[in-house]
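Trainee: So here's structure_8.txt (compact mmCIF, C-alpha atoms).
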```txt
# COMPACT_ATOMS: atom_id res chain seq x y z
CA MET A 1 -38.30 17.23 -52.52
CA LYS A 2 -37.03 15.03 -55.36
CA PHE A 3 -34.08 13.90 -53.24
CA ARG A 4 -36.40 12.87 -50.40
CA GLY A 5 -38.36 10.64 -52.78
CA PHE A 6 -35.14 9.19 -54.19
CA PHE A 7 -33.78 8.30 -50.73
CA HIS A 8 -37.14 6.88 -49.68
CA SER A 9 -37.09 4.62 -52.75
CA LEU A 10 -33.57 3.48 -51.87
CA GLU A 11 -34.69 2.65 -48.33
CA VAL A 12 -37.66 0.65 -49.64
CA LEU A 13 -35.34 -1.31 -51.96
CA ARG A 14 -32.89 -1.93 -49.11
CA ARG A 15 -35.66 -3.29 -46.87
CA ARG A 16 -36.98 -5.57 -49.63
CA ARG A 17 -33.47 -6.85 -50.32
CA ARG A 18 -32.92 -7.46 -46.60
CA ALA A 19 -36.24 -9.36 -46.33
CA PHE A 20 -35.43 -11.48 -49.40
CA PHE A 21 -31.99 -12.48 -48.14
CA GLY A 22 -33.37 -13.07 -44.63
CA ARG A 23 -35.81 -15.64 -46.04
CA TYR A 24 -33.02 -17.11 -48.19
CA TYR A 25 -30.63 -17.58 -45.24
CA CYS A 26 -33.46 -19.01 -43.15
CA GLN A 27 -34.16 -21.59 -45.86
CA ILE A 28 -30.47 -22.53 -46.06
CA ALA A 29 -30.45 -23.05 -42.28
CA ARG A 30 -33.54 -25.27 -42.57
CA TRP A 31 -31.82 -27.33 -45.28
CA LYS A 32 -28.88 -27.78 -42.91
CA GLY A 33 -31.25 -29.16 -40.26
CA VAL A 34 -32.00 -26.15 -38.05
CA ARG A 35 -35.55 -26.31 -36.69
CA PHE A 36 -37.32 -22.94 -36.42
CA LYS A 37 -40.63 -22.35 -34.66
CA GLY A 38 -42.02 -19.68 -36.94
CA ARG A 39 -39.96 -17.40 -39.16
CA PRO A 40 -36.95 -15.68 -37.54
CA LEU A 41 -35.71 -12.19 -38.36
CA ILE A 42 -32.37 -12.70 -40.09
CA ILE A 43 -30.37 -9.63 -41.09
CA GLY A 44 -26.95 -10.23 -42.62
CA ARG A 45 -25.57 -13.71 -43.20
CA PRO A 46 -25.45 -15.97 -40.12
CA HIS A 47 -23.61 -19.28 -40.13
CA PHE A 48 -25.38 -22.40 -38.88
CA ARG A 49 -23.35 -25.62 -38.62
CA VAL A 50 -25.33 -28.73 -37.75
CA TYR A 51 -23.14 -31.81 -37.60
CA PRO A 52 -24.70 -35.27 -38.15
CA GLY A 53 -26.57 -36.55 -35.11
CA THR A 54 -26.90 -33.09 -33.55
CA GLU A 55 -29.82 -30.70 -33.20
CA ILE A 56 -30.41 -26.96 -33.23
CA SER A 57 -33.93 -25.79 -32.34
CA ILE A 58 -34.92 -22.11 -32.24
CA GLY A 59 -38.15 -20.69 -30.83
CA SER A 60 -40.48 -18.14 -32.35
CA ASN A 61 -39.60 -14.47 -32.93
CA ALA A 62 -35.83 -15.03 -32.87
CA ALA A 63 -33.60 -12.31 -34.34
CA PHE A 64 -30.10 -12.78 -35.73
CA LEU A 65 -28.15 -9.65 -36.70
CA SER A 66 -24.90 -10.40 -38.51
CA GLY A 67 -23.94 -7.31 -40.49
CA ALA A 68 -21.33 -4.84 -39.24
CA ARG A 69 -23.86 -1.99 -39.17
CA ASP A 70 -26.91 -3.93 -38.03
CA ASN A 71 -26.40 -3.01 -34.37
CA LEU A 72 -25.75 0.55 -33.16
CA ILE A 73 -22.78 -0.63 -31.07
CA GLY A 74 -21.22 -2.42 -34.04
CA ILE A 75 -20.81 -6.09 -34.81
CA ASN A 76 -17.38 -7.51 -35.61
CA ARG A 77 -18.52 -10.96 -36.81
CA PRO A 78 -21.65 -12.74 -38.03
CA CYS A 79 -23.80 -14.89 -35.78
CA ILE A 80 -22.36 -18.42 -35.67
CA ILE A 81 -24.41 -21.26 -34.16
CA SER A 82 -22.57 -24.55 -34.28
CA THR A 83 -22.80 -28.08 -32.88
CA PHE A 84 -19.98 -30.60 -32.85
CA ASN A 85 -20.46 -34.08 -31.33
CA ALA A 86 -23.25 -36.55 -32.03
CA GLY A 87 -25.99 -36.07 -29.45
CA THR A 88 -25.26 -32.36 -28.98
CA ARG A 89 -28.31 -30.10 -28.70
CA ILE A 90 -28.66 -26.33 -28.85
CA SER A 91 -32.08 -25.18 -27.68
CA ILE A 92 -33.08 -21.51 -27.97
CA GLY A 93 -36.40 -20.27 -26.57
CA ASP A 94 -38.90 -17.73 -27.88
CA ASN A 95 -38.26 -14.00 -28.39
CA CYS A 96 -34.45 -14.18 -28.24
CA GLY A 97 -32.13 -11.71 -29.94
CA PHE A 98 -28.52 -12.16 -31.07
CA SER A 99 -26.06 -9.62 -32.53
CA GLY A 100 -22.85 -11.14 -33.81
CA THR A 101 -23.25 -13.89 -31.21
CA VAL A 102 -21.26 -17.13 -31.35
CA ILE A 103 -22.88 -20.20 -29.78
CA GLY A 104 -20.63 -23.27 -29.93
CA ALA A 105 -21.83 -26.54 -28.42
CA HIS A 106 -19.79 -29.68 -27.82
CA THR A 107 -22.30 -31.29 -25.43
CA GLY A 108 -25.31 -28.96 -25.07
CA ILE A 109 -26.49 -25.39 -24.58
CA ARG A 110 -29.97 -24.35 -23.44
CA ILE A 111 -31.12 -20.74 -23.74
CA GLY A 112 -34.50 -19.78 -22.28
CA ASP A 113 -37.14 -17.34 -23.51
CA ASP A 114 -36.65 -13.58 -23.92
CA VAL A 115 -32.84 -13.70 -23.79
CA LYS A 116 -30.98 -10.75 -25.32
CA CYS A 117 -27.34 -11.09 -26.33
CA GLY A 118 -25.44 -7.85 -26.90
CA ALA A 119 -23.01 -7.38 -29.76
CA ASN A 120 -20.21 -9.94 -30.09
CA THR A 121 -21.17 -12.22 -27.20
CA LEU A 122 -19.83 -15.78 -26.94
CA ILE A 123 -21.53 -18.81 -25.38
CA THR A 124 -19.57 -22.07 -25.35
CA ASP A 125 -19.62 -25.35 -23.44
CA SER A 126 -16.08 -26.42 -24.31
CA ASN A 127 -12.49 -25.21 -24.59
CA TRP A 128 -12.42 -26.72 -28.11
CA HIS A 129 -9.12 -28.56 -27.66
CA PRO A 130 -10.19 -32.08 -26.62
CA GLU A 131 -6.77 -33.51 -27.50
CA ASP A 132 -5.12 -31.34 -24.82
CA PRO A 133 -5.53 -32.80 -21.29
CA ARG A 134 -5.28 -29.29 -19.78
CA SER A 135 -8.53 -28.18 -21.37
CA GLY A 136 -10.85 -30.41 -19.30
CA LYS A 137 -14.12 -31.98 -20.35
CA PRO A 138 -16.95 -30.06 -22.02
CA SER A 139 -19.88 -29.24 -19.74
CA LYS A 140 -23.41 -28.07 -20.57
CA VAL A 141 -24.48 -24.42 -20.35
CA SER A 142 -27.91 -23.27 -19.23
CA ILE A 143 -29.20 -19.69 -19.50
CA GLY A 144 -32.56 -18.93 -17.91
CA ASN A 145 -35.46 -16.79 -19.10
CA ASN A 146 -35.25 -13.01 -19.52
CA VAL A 147 -31.45 -12.89 -19.23
CA TRP A 148 -29.51 -10.02 -20.76
CA LEU A 149 -25.87 -10.52 -21.80
CA GLY A 150 -23.99 -7.25 -22.31
CA VAL A 151 -21.72 -6.46 -25.24
CA ASN A 152 -18.68 -8.77 -25.55
CA ALA A 153 -19.81 -11.00 -22.65
CA VAL A 154 -18.35 -14.53 -22.60
CA VAL A 155 -20.23 -17.47 -21.05
CA LEU A 156 -17.96 -20.49 -20.49
CA LYS A 157 -18.56 -24.21 -20.03
CA GLY A 158 -20.56 -25.59 -17.13
CA VAL A 159 -22.25 -22.28 -16.31
CA THR A 160 -25.87 -21.79 -15.28
CA ILE A 161 -27.33 -18.26 -15.33
CA GLY A 162 -30.61 -17.83 -13.45
CA ASP A 163 -33.76 -16.10 -14.69
CA ASN A 164 -33.93 -12.31 -15.01
CA SER A 165 -30.21 -11.74 -14.46
CA ILE A 166 -28.13 -9.10 -16.25
CA ILE A 167 -24.52 -9.79 -17.22
CA GLY A 168 -22.41 -6.66 -17.73
CA ALA A 169 -20.36 -5.72 -20.77
CA ASN A 170 -17.07 -7.62 -21.24
CA ALA A 171 -17.90 -10.02 -18.40
CA VAL A 172 -16.33 -13.48 -18.37
CA VAL A 173 -18.84 -15.85 -16.77
CA SER A 174 -16.95 -18.88 -15.49
CA ARG A 175 -19.18 -19.74 -12.48
CA ASP A 176 -22.92 -20.02 -11.91
CA ILE A 177 -24.88 -16.77 -11.57
CA PRO A 178 -28.12 -16.86 -9.52
CA ALA A 179 -31.46 -15.48 -10.64
CA ASN A 180 -32.44 -11.81 -10.31
CA VAL A 181 -28.99 -10.25 -10.02
CA VAL A 182 -26.67 -7.90 -11.87
CA ALA A 183 -23.23 -9.44 -12.36
CA ALA A 184 -20.11 -8.15 -14.10
CA GLY A 185 -16.33 -8.38 -14.27
CA ASN A 186 -13.61 -10.89 -15.05
CA PRO A 187 -14.30 -13.29 -13.44
CA CYS A 188 -17.98 -12.34 -13.34
CA LYS A 189 -19.30 -11.65 -9.82
CA VAL A 190 -22.66 -10.56 -8.44
CA ILE A 191 -22.82 -6.78 -7.93
CA LYS A 192 -26.39 -6.39 -6.69
CA SER A 193 -29.77 -8.04 -6.51
CA ILE A 194 -32.69 -6.96 -8.64
CA GLY A 195 -35.74 -6.28 -6.45
```
Since I need it in another form, could you write the structure as structure tokens?

Mentor:
Amino acid sequence: MKFRGFFHSLEVLRRRRRAFFGRYYCQIARWKGVRFKGRPLIIGRPHFRVYPGTEISIGSNAAFLSGARDNLIGINRPCIISTFNAGTRISIGDNCGFSGTVIGAHTGIRIGDDVKCGANTLITDSNWHPEDPRSGKPSKVSIGNNVWLGVNAVVLKGVTIGDNSIIGANAVVSRDIPANVVAAGNPCKVIKSIG
């Protein structure tokens, strides 16, 4: 019985510590220029990079899990949300969840409401080598409402994903995906419609 009380006390301390650091990391993000609608759930240490002349806005009830054990599947990196060029905007809707997700914007990324990103997903609108003519120009990414990205999914530049679609684990999304479908593979293709 004594051990149960001891472990319960440890769990209470762990939760208080997590809440304290969550508020701390949220405040650091605000100082960097990230605009939050409400207070997000931040577990672990995410990295927000807001370059001058850029904007990151995040809706209410957002969750960012960045610790290796904060997701049952396992996270191999912290959440990284980063802008690059002046005029770049990252817009994230309400009720979105991210686990070790990297969002890198060179021109712009829009994520709708109720989007869930599985562990270690990547969303980018650029190849990140502008000096190399083979890389092509950056192009905006748009992800609709109620989209689910499976573990290790990669969403590349110029892609639009329609509302209510599910992207399978390890998918590489290089072309537009319509609404209300399940899509998977490399390159990502529609497998079936959702009724």

Trainee: With distances taken over only C-alpha atoms, which of A:Gly93, A:Pro46, A:Gly53, A:Gly33 is nearest to Asp113 in chain A?

Mentor: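 Among A:Gly93, A:Pro46, A:Gly53, A:Gly33, it is A:Gly93 that comes nearest to Asp113 in chain A.
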
Trainee: Set the distance at 6 Å and use all atoms listed in the file: which residues neighbour Ala62 in chain A once local chain neighbours fewer than 5 positions away are removed? I'd like the list as a short mmCIF file (atom, residue, chain, number, x, y, z; two decimals) with C-alpha atoms, in the frame of the given file.

Mentor:
```cif
data_model
loop_
_atom_site.label_atom_id
_atom_site.label_comp_id
_atom_site.auth_asym_id
_atom_site.auth_seq_id
_atom_site.Cartn_x
_atom_site.Cartn_y
_atom_site.Cartn_z
CA PRO A 40 -36.95 -15.68 -37.54
CA ASN A 95 -38.26 -14.00 -28.39
CA CYS A 96 -34.45 -14.18 -28.24
CA GLY A 97 -32.13 -11.71 -29.94
#
```

Trainee: For range 71-79 of chain A, work out the shell of residues within 6 Å, counting only C-alpha atoms and skipping chain neighbours fewer than 4 positions away, then give it as a list in words.

Mentor: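 Answer for this query is Pro46, Ser66, Gly100, Thr101, Val102 and Ala119 of chain A.
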
Trainee: Skipping near chain neighbours, those fewer than 4 positions away, what residues fall within 12 Å of Ser135 in chain A using all atoms listed in the file, listed as a ChimeraX atom specification?

Mentor: /A:125-131,139,157

Trainee: Measuring between all atoms listed in the file, which one of A:Phe36, A:Trp148, A:Phe84, A:Phe20 shows the shortest distance to Thr124 in chain A?

Mentor: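 The closest residue to Thr124 in chain A is A:Phe84.
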
Trainee: Mind giving me the straight-line distance from CA of Val154 in chain A to CA of Tyr25 in chain A in Å, one decimal?

Mentor: 25.9 Å

Trainee: Go through A:Ser99, A:Val12, A:Ile161, A:Ile92 and flag the residue nearest Gly44 in chain A, using all atoms listed in the file for the distances.

Mentor: A:Ser99

Trainee: Between CA of Phe21 in chain A and CA of Gly38 in chain A, what is the distance in Å, rounded to a tenth?

Mentor: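 Result for CA of Phe21 in chain A versus CA of Gly38 in chain A: 16.7 Å, one decimal.
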
Trainee: For CA of Ser142 in chain A and CA of His47 in chain A, determine how far apart the two atoms are, in Å to one decimal place.

Mentor: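 CA of Ser142 in chain A sits 21.7 Å away from CA of His47 in chain A.
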
Trainee: With distances taken over all atoms listed in the file, which of A:Gly150, A:Gly195, A:Pro187, A:Gly59 is nearest to Gly118 in chain A?

Mentor: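 For Gly118 in chain A, the nearest of the given residues is A:Gly150.
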